[in-house]
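**Q** Can you read through this structure? Questions will come right after.
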Amino acid sequence: MTNQVSNEWTLAIKGMTCASCAGRVEKALLNVSGVVTAEINLALETAKVSGVDKVTTKQLIAAVDAAGYQAQLLTAQNDSAEHLADSYRRNQWWPSALAAVLSLPLVIAMVAEWLGWQGQLSGWLQWALATPVQFWLGWRFYKAGWHALKAGAGNMDLLVAIGTSAAYGLSVYLLFSPSHRAGAHHLYFESSTIVITLVLFGKWLEGRAKSQTTEAIRALNTLRPEFATVVKNGQPELVSIALVKVGDLVLVKPGERIAVDGTVQNGDSQVDESLITGESLPVSKKVGDKVTGGAMNGEGLLTIITNAVGTETVLARIVRLVESAQAKKAPIQRLVDKVSAVFVPVVLVIATLTLIVWGLLNGNWEAAIINAVSVLVIACPCALGLATPAAIMVGTGVAAQHGILIKDAEALELAHAIKTVAFDKTGTLTEGHPKLITMQSSSKDSDARAADELLMLAASLQAGSEHPLAKAVTNAANAKDLPLQVTQNLQALAGKGVVGEVGEVGVQRLYFGSTRLMNDLKVNLSKFKDDALVLEQEGRSISWLAQARALDHFAPKLLGMFAFGDAIKATAHQAIDDLEKLGIKTVLISGDNQGSASSVAKQLGISEFYAQVLPGEKASIVTQLKQDGLVAMVGDGLNDAPALAVADVGIAMSSGTDVAMHTSGITLMRGDPALVAHAIDISKRTYQKIRQNLFWAFIYNVVGIPLASMGILSPVLAGAAMALSSVSVISNALLLKLWRP
């Protein structure tokens, strides 16, 4: 029987310094009985673990401790934010600066010796400067290397510890040898100190750069206010956000950040949601509209009924999604992990062979040790371990800032190679609710006047109704500011429409409804018969307005025809055009009727479409499309979930159902189909950065290790190259922050 995941934990991990460390923590957690998954985020210094009920936090922490690291359970969003801040407070500059100060005289002496100048430092002074660098400032390498050794693995710290200790030990040996007193030997204290200084400096730069990759998460965390103004017994009271409960009334003053997710009960305002949705323009909010915690209120005073607090808010879920995406491994990273697992042992073998070959063949054990040290230093796999996660972190972060939530790294990596994008119609390419598309009046008056009169009468009859078509009529009338008349004796005609007396009672009766209702009333529809047929073939819903006046003995006569349809979103044309420019094929898959699907496809320029498709059939069509390459499915409804799951990349609209969003790998925070092309574009850029980073990471080692083993690369240059490789990889990834949709 397969274990079912029933619990999830987030642990703060201290002591990780490279990809090998992350791999060792992951292995230790996966070895705990009952643990199903363990995802390590080196930049955030966290581990997300899932497992069965029998797994305890104590077991997980013990496993991490046994691997040589420290773990602590993070229980809330605040804990996560505080851990993130603490991890960067620990990245201090002074150790590398102090190491540089102590190493500088040794470097000057070394340069002076190269230039043939006199006045080199005495051996004992060199020893006095090098010792605190080696064993105080460099103690972190010994500690981490020892933990790795105990766990039967190797890491960057072990390589640095062994390499610099060899150079330091050789220098101490030569310091006490008679030949040194005769001036026959150069000491190598500067090699060990400079390597430690450069590695410390590189780690500090790396920490600063990694902190920039998590700016998106930290920016989102800072959006959550610490206090909220809750209305209690009619009086406003400032309380901690932790004390706010679902159902509480929260007052939001002009210029304040909204503290909770909720619904506007009173007031209207403009709300800036840019840091949450990526939408640059403020959004109008009135009574009944939903607002999101973290958004900035404009000039109006709002009273909000709290719908969600704490970890259930939209903001908290976004932070979790981004953290999860940054923690998960892209498929290409699995190859890197395999290489890293054998990398350190191979390097140790190469360093040992370098030592033996130089010592035995040349008899120069001094040069043999120095060359072996160079091999150990240049081979540190920092850049290799950071190449993929650094690019993924920046890519997902910048995408989140523009309203594109990439939930897992696999979706990010696969999206660059998408050949086909399949769209759902309703709610994805269209608004998802009926809208008055066109109307025609039987009146002989001017078109504009007749149309306004027709719309006013229909809206007067439909005012107050919650029926979708009625709301479409009243919305159209409100948009024109048409004055509505009073309706009395309103009666619903089941399945057909409505009838009521508009204006003075007993003077005129209006009927609004279907063709069936008009036929029952024996209303002549021949005037618009051909137009109605064309509209129905396009998938439009047709309704009619008839008038029965006392003057005509209440014999119904046709006033006009109304056609309703689901309006295409304003950005849908741009979405299709952008995808075509990227060379990506677009397909429409809809459960709607043939006419409606055909009309939308024709208007948008989509050549291939499927209509009247059931949810299970949507998944089958996506599977069929995958024969021609990777397929992305874009949808928003419950019926789209099977297709979203089957697609190589599922893309959901946040305006849709939770099921659709949970099934997809990418969520668009605005119901804007144009974001699909942007999501694919950031994927292409990120994958490009991953490939560039891996090239540079490998090239440093592929070129550097042979040069070091041949004695061409000194430990000092090896240390500089190693530090440069990590910094260059992260700096290259940070260029993604310049991306704009």
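Every chain in the structure tokens has a letter given in the order shown (A, B, ...), and although residue numbers restart at 1 in each chain, ligands are simply numbered from 1 in the order shown.
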Using DSSP on the backbone coordinates, identify the residues of stretch 284-316 of chain A assigned to strand (DSSP E); present them as a list in words.
**A**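 Filtering stretch 284-316 of chain A down to strand (DSSP E) leaves Ser284, Lys285, Lys290, Val291, Met296, Asn297, Leu302, Thr303, Ile304, Ile305, Thr306, Asn307 and Ala308 of chain A.
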**Q** Rank A:Leu29, A:Trp124, A:Phe189, A:Leu149 by their smallest atom-to-atom distance to A:Phe176, using only C-alpha atoms, and report the top residue only.
**A** A:Trp124
**Q** As a PyMOL selection string, please: every residue in stretch 512-584 of chain A that DSSP puts in helix (DSSP H, G or I).
**A** chain A and resi 515-520+526-537+550-552+572-581
**Q** Residues of the last selection are to be written out with C-alpha atoms, as a PDB file, in the first residue's frame.
**A**
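Once written, again27.pdb looks like this:
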ATOM      1  CA  THR A 515     -39.024  33.123 -29.593  1.00  0.00           C
ATOM      2  CA  ARG A 516     -41.356  30.550 -28.026  1.00  0.00           C
ATOM      3  CA  LEU A 517     -43.065  33.289 -25.983  1.00  0.00           C
ATOM      4  CA  MET A 518     -43.503  35.449 -29.086  1.00  0.00           C
ATOM      5  CA  ASN A 519     -44.988  32.496 -30.994  1.00  0.00           C
ATOM      6  CA  ASP A 520     -47.418  31.847 -28.155  1.00  0.00           C
ATOM      7  CA  SER A 526     -40.675  37.952 -39.950  1.00  0.00           C
ATOM      8  CA  LYS A 527     -39.043  41.406 -40.069  1.00  0.00           C
ATOM      9  CA  PHE A 528     -35.955  40.137 -38.238  1.00  0.00           C
ATOM     10  CA  LYS A 529     -36.139  36.444 -39.127  1.00  0.00           C
ATOM     11  CA  ASP A 530     -33.050  36.408 -41.374  1.00  0.00           C
ATOM     12  CA  ASP A 531     -30.944  38.530 -38.997  1.00  0.00           C
ATOM     13  CA  ALA A 532     -31.947  36.342 -36.056  1.00  0.00           C
ATOM     14  CA  LEU A 533     -30.921  33.201 -37.943  1.00  0.00           C
ATOM     15  CA  VAL A 534     -27.460  34.617 -38.682  1.00  0.00           C
ATOM     16  CA  LEU A 535     -26.983  35.676 -35.047  1.00  0.00           C
ATOM     17  CA  GLU A 536     -28.085  32.283 -33.753  1.00  0.00           C
ATOM     18  CA  GLN A 537     -25.591  30.589 -36.082  1.00  0.00           C
ATOM     19  CA  ALA A 550     -54.899  49.290 -24.368  1.00  0.00           C
ATOM     20  CA  LEU A 551     -55.306  51.476 -27.438  1.00  0.00           C
ATOM     21  CA  ASP A 552     -54.813  48.350 -29.575  1.00  0.00           C
ATOM     22  CA  ALA A 572      -7.685  38.394 -26.380  1.00  0.00           C
ATOM     23  CA  HIS A 573      -6.676  39.573 -29.886  1.00  0.00           C
ATOM     24  CA  GLN A 574      -3.293  40.694 -28.574  1.00  0.00           C
ATOM     25  CA  ALA A 575      -2.847  37.339 -26.805  1.00  0.00           C
ATOM     26  CA  ILE A 576      -3.335  35.346 -30.010  1.00  0.00           C
ATOM     27  CA  ASP A 577      -1.184  37.744 -32.072  1.00  0.00           C
ATOM     28  CA  ASP A 578       1.679  37.591 -29.549  1.00  0.00           C
ATOM     29  CA  LEU A 579       1.656  33.787 -29.539  1.00  0.00           C
ATOM     30  CA  GLU A 580       1.674  33.657 -33.328  1.00  0.00           C
ATOM     31  CA  LYS A 581       4.689  35.985 -33.365  1.00  0.00           C
TER      32      LYS A 581
END
**Q** So, counting only C-alpha atoms, which residue among A:Leu355, A:Ala316, A:Ala697, A:Val55 is closest to A:Asn31?
**A**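 Among A:Leu355, A:Ala316, A:Ala697, A:Val55, it is A:Val55 that comes nearest to A:Asn31.
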**Q** What's the separation between atom CA of A:Phe512 and atom CA of A:Val498, in Å to one decimal place?
**A**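 Atom CA of A:Phe512 sits 5.5 Å away from atom CA of A:Val498.
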**Q** Excluding A:Ser620 and its own-chain neighbours fewer than 5 positions away, which residues fall within 9 Å of it when counting only C-alpha atoms? Please give them as a JSON list (two decimals) with C-alpha atoms, in the first residue's frame.
**A**
[["chain", "number", "residue", "atom", "x", "y", "z"],
["A", 625, "LEU", "CA", -2.30, 17.74, -29.58],
["A", 643, "ALA", "CA", -7.14, 19.21, -19.46],
["A", 646, "VAL", "CA", -2.91, 16.44, -18.80]]
**Q** I'd like the contact shell of stretch 297-308 of chain A - 8 Å cut-off, only C-alpha atoms, skipping same-chain residues fewer than 4 positions apart - returned as a ChimeraX atom specification.
**A** /A:245-258,260-272,312-313
**Q** Ranking A:Gln612, A:Ser96, A:Ser664, A:Thr46 by minimum distance to A:Val64 and counting only C-alpha atoms, which one comes first?
**A**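 Using only C-alpha atoms, the shortest distance to A:Val64 belongs to A:Thr46.
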**Q** Between atom CA of A:Gly560 and atom CA of A:Ser443, what is the spacing in Å?
**A**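 These two atoms are separated by 8.1 Å.
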**Q** Find the spatial neighbours of stretch 504-506 of chain A, counting only C-alpha atoms, within a cut-off of 10 Å - ignore same-chain residues fewer than 5 positions away - and output them as a list in words.
**A**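 Answer for this query is Gln485, Val486, Thr487, Gln488, Asn489, Arg549, Ala550 and Phe554 of chain A.
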**Q** Please write the residues from the selection above to a file, keeping all heavy atoms, as a PDB file, in the first residue's frame.
**A**
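Dumped everything to again-v9.pdb:
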ATOM      1  N   GLN A 485     -38.409  53.686 -16.314  1.00  0.00           N
ATOM      2  CA  GLN A 485     -39.777  53.901 -15.849  1.00  0.00           C
ATOM      3  C   GLN A 485     -40.146  52.865 -14.790  1.00  0.00           C
ATOM      4  O   GLN A 485     -39.520  51.807 -14.693  1.00  0.00           O
ATOM      5  CB  GLN A 485     -40.765  53.808 -17.023  1.00  0.00           C
ATOM      6  CG  GLN A 485     -40.545  54.896 -18.086  1.00  0.00           C
ATOM      7  CD  GLN A 485     -41.601  54.843 -19.166  1.00  0.00           C
ATOM      8  OE1 GLN A 485     -42.737  54.423 -18.926  1.00  0.00           O
ATOM      9  NE2 GLN A 485     -41.246  55.296 -20.366  1.00  0.00           N
ATOM     10  N   VAL A 486     -41.192  53.177 -14.039  1.00  0.00           N
ATOM     11  CA  VAL A 486     -41.658  52.258 -12.993  1.00  0.00           C
ATOM     12  C   VAL A 486     -42.422  51.109 -13.633  1.00  0.00           C
ATOM     13  O   VAL A 486     -43.247  51.311 -14.529  1.00  0.00           O
ATOM     14  CB  VAL A 486     -42.574  52.992 -11.983  1.00  0.00           C
ATOM     15  CG1 VAL A 486     -43.115  52.017 -10.935  1.00  0.00           C
ATOM     16  CG2 VAL A 486     -41.810  54.125 -11.319  1.00  0.00           C
ATOM     17  N   THR A 487     -42.128  49.880 -13.164  1.00  0.00           N
ATOM     18  CA  THR A 487     -42.809  48.687 -13.664  1.00  0.00           C
ATOM     19  C   THR A 487     -43.689  48.109 -12.557  1.00  0.00           C
ATOM     20  O   THR A 487     -43.247  47.952 -11.411  1.00  0.00           O
ATOM     21  CB  THR A 487     -41.797  47.625 -14.127  1.00  0.00           C
ATOM     22  OG1 THR A 487     -40.984  48.175 -15.160  1.00  0.00           O
ATOM     23  CG2 THR A 487     -42.499  46.386 -14.645  1.00  0.00           C
ATOM     24  N   GLN A 488     -44.908  47.744 -12.912  1.00  0.00           N
ATOM     25  CA  GLN A 488     -45.837  47.157 -11.944  1.00  0.00           C
ATOM     26  C   GLN A 488     -46.421  45.869 -12.513  1.00  0.00           C
ATOM     27  O   GLN A 488     -46.356  45.614 -13.713  1.00  0.00           O
ATOM     28  CB  GLN A 488     -46.963  48.147 -11.611  1.00  0.00           C
ATOM     29  CG  GLN A 488     -46.433  49.463 -11.025  1.00  0.00           C
ATOM     30  CD  GLN A 488     -47.545  50.406 -10.643  1.00  0.00           C
ATOM     31  OE1 GLN A 488     -48.336  50.118  -9.756  1.00  0.00           O
ATOM     32  NE2 GLN A 488     -47.612  51.559 -11.323  1.00  0.00           N
ATOM     33  N   ASN A 489     -46.995  45.064 -11.602  1.00  0.00           N
ATOM     34  CA  ASN A 489     -47.618  43.787 -11.978  1.00  0.00           C
ATOM     35  C   ASN A 489     -46.650  42.909 -12.779  1.00  0.00           C
ATOM     36  O   ASN A 489     -47.028  42.297 -13.788  1.00  0.00           O
ATOM     37  CB  ASN A 489     -48.899  44.027 -12.788  1.00  0.00           C
ATOM     38  CG  ASN A 489     -49.929  44.808 -11.999  1.00  0.00           C
ATOM     39  OD1 ASN A 489     -50.053  44.634 -10.780  1.00  0.00           O
ATOM     40  ND2 ASN A 489     -50.662  45.695 -12.670  1.00  0.00           N
ATOM     41  N   ARG A 549     -50.795  47.437 -26.091  1.00  0.00           N
ATOM     42  CA  ARG A 549     -51.376  48.674 -25.573  1.00  0.00           C
ATOM     43  C   ARG A 549     -52.901  48.550 -25.474  1.00  0.00           C
ATOM     44  O   ARG A 549     -53.541  47.858 -26.276  1.00  0.00           O
ATOM     45  CB  ARG A 549     -51.018  49.853 -26.470  1.00  0.00           C
ATOM     46  CG  ARG A 549     -49.513  50.128 -26.548  1.00  0.00           C
ATOM     47  CD  ARG A 549     -49.239  51.403 -27.308  1.00  0.00           C
ATOM     48  NE  ARG A 549     -49.764  51.341 -28.676  1.00  0.00           N
ATOM     49  CZ  ARG A 549     -49.778  52.381 -29.504  1.00  0.00           C
ATOM     50  NH1 ARG A 549     -49.299  53.556 -29.093  1.00  0.00           N
ATOM     51  NH2 ARG A 549     -50.268  52.262 -30.720  1.00  0.00           N
ATOM     52  N   ALA A 550     -53.436  49.273 -24.520  1.00  0.00           N
ATOM     53  CA  ALA A 550     -54.899  49.290 -24.368  1.00  0.00           C
ATOM     54  C   ALA A 550     -55.548  49.865 -25.610  1.00  0.00           C
ATOM     55  O   ALA A 550     -56.636  49.453 -26.041  1.00  0.00           O
ATOM     56  CB  ALA A 550     -55.283  50.113 -23.138  1.00  0.00           C
ATOM     57  N   PHE A 554     -54.805  45.545 -26.426  1.00  0.00           N
ATOM     58  CA  PHE A 554     -53.757  44.674 -25.870  1.00  0.00           C
ATOM     59  C   PHE A 554     -53.333  43.555 -26.839  1.00  0.00           C
ATOM     60  O   PHE A 554     -52.998  42.452 -26.433  1.00  0.00           O
ATOM     61  CB  PHE A 554     -54.182  44.080 -24.522  1.00  0.00           C
ATOM     62  CG  PHE A 554     -54.237  45.108 -23.438  1.00  0.00           C
ATOM     63  CD1 PHE A 554     -55.470  45.608 -23.002  1.00  0.00           C
ATOM     64  CD2 PHE A 554     -53.075  45.599 -22.878  1.00  0.00           C
ATOM     65  CE1 PHE A 554     -55.528  46.581 -22.010  1.00  0.00           C
ATOM     66  CE2 PHE A 554     -53.129  46.568 -21.875  1.00  0.00           C
ATOM     67  CZ  PHE A 554     -54.351  47.069 -21.442  1.00  0.00           C
TER      68      PHE A 554
END
**Q** Find, counting only C-alpha atoms, the residue in A:Ile356, A:Ala555, A:Val230, A:Leu630 that gets nearest to A:Arg509.
**A**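 For A:Arg509, the nearest of the candidates is A:Ala555.
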**Q** Which neighbours of A:Ala66 fall inside 10 Å, counting only C-alpha atoms, when residues of the same chain fewer than 2 positions from it are skipped, and could you give them as a ChimeraX atom specification?
**A** /A:25,28,60-64,68-70,147,150-151
**Q** Identify, on the basis of only C-alpha atoms, every residue whose closest approach to A:His467 does not exceed 12 Å; exclude the query and any residue fewer than 2 positions from it along the same chain; express the result as a list in words.
**A** His433, Pro434, Gln462, Ala463, Gly464, Ser465, Leu469, Ala470, Lys471, Ala472, Val473, Thr474, Ala492, Gly495, Gly497, Val498 and Gly513 of chain A
**Q** With only C-alpha atoms as the basis for distance, which of A:Leu429, A:Ala400, A:Ala411, A:Val49 is at the shortest distance from A:Val32?
**A** A:Val49
**Q** Would you compute the distance between atom CA of A:Trp139 and atom CA of A:Val160? Give it in Å to one decimal.
**A**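 So the answer is 10.8 Å.
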**Q** Choose the residue, out of A:Met653, A:Ala372, A:Leu238, A:Ala548, that has the smallest atom-to-atom separation from A:Gly427; count only C-alpha atoms.
**A** A:Met653
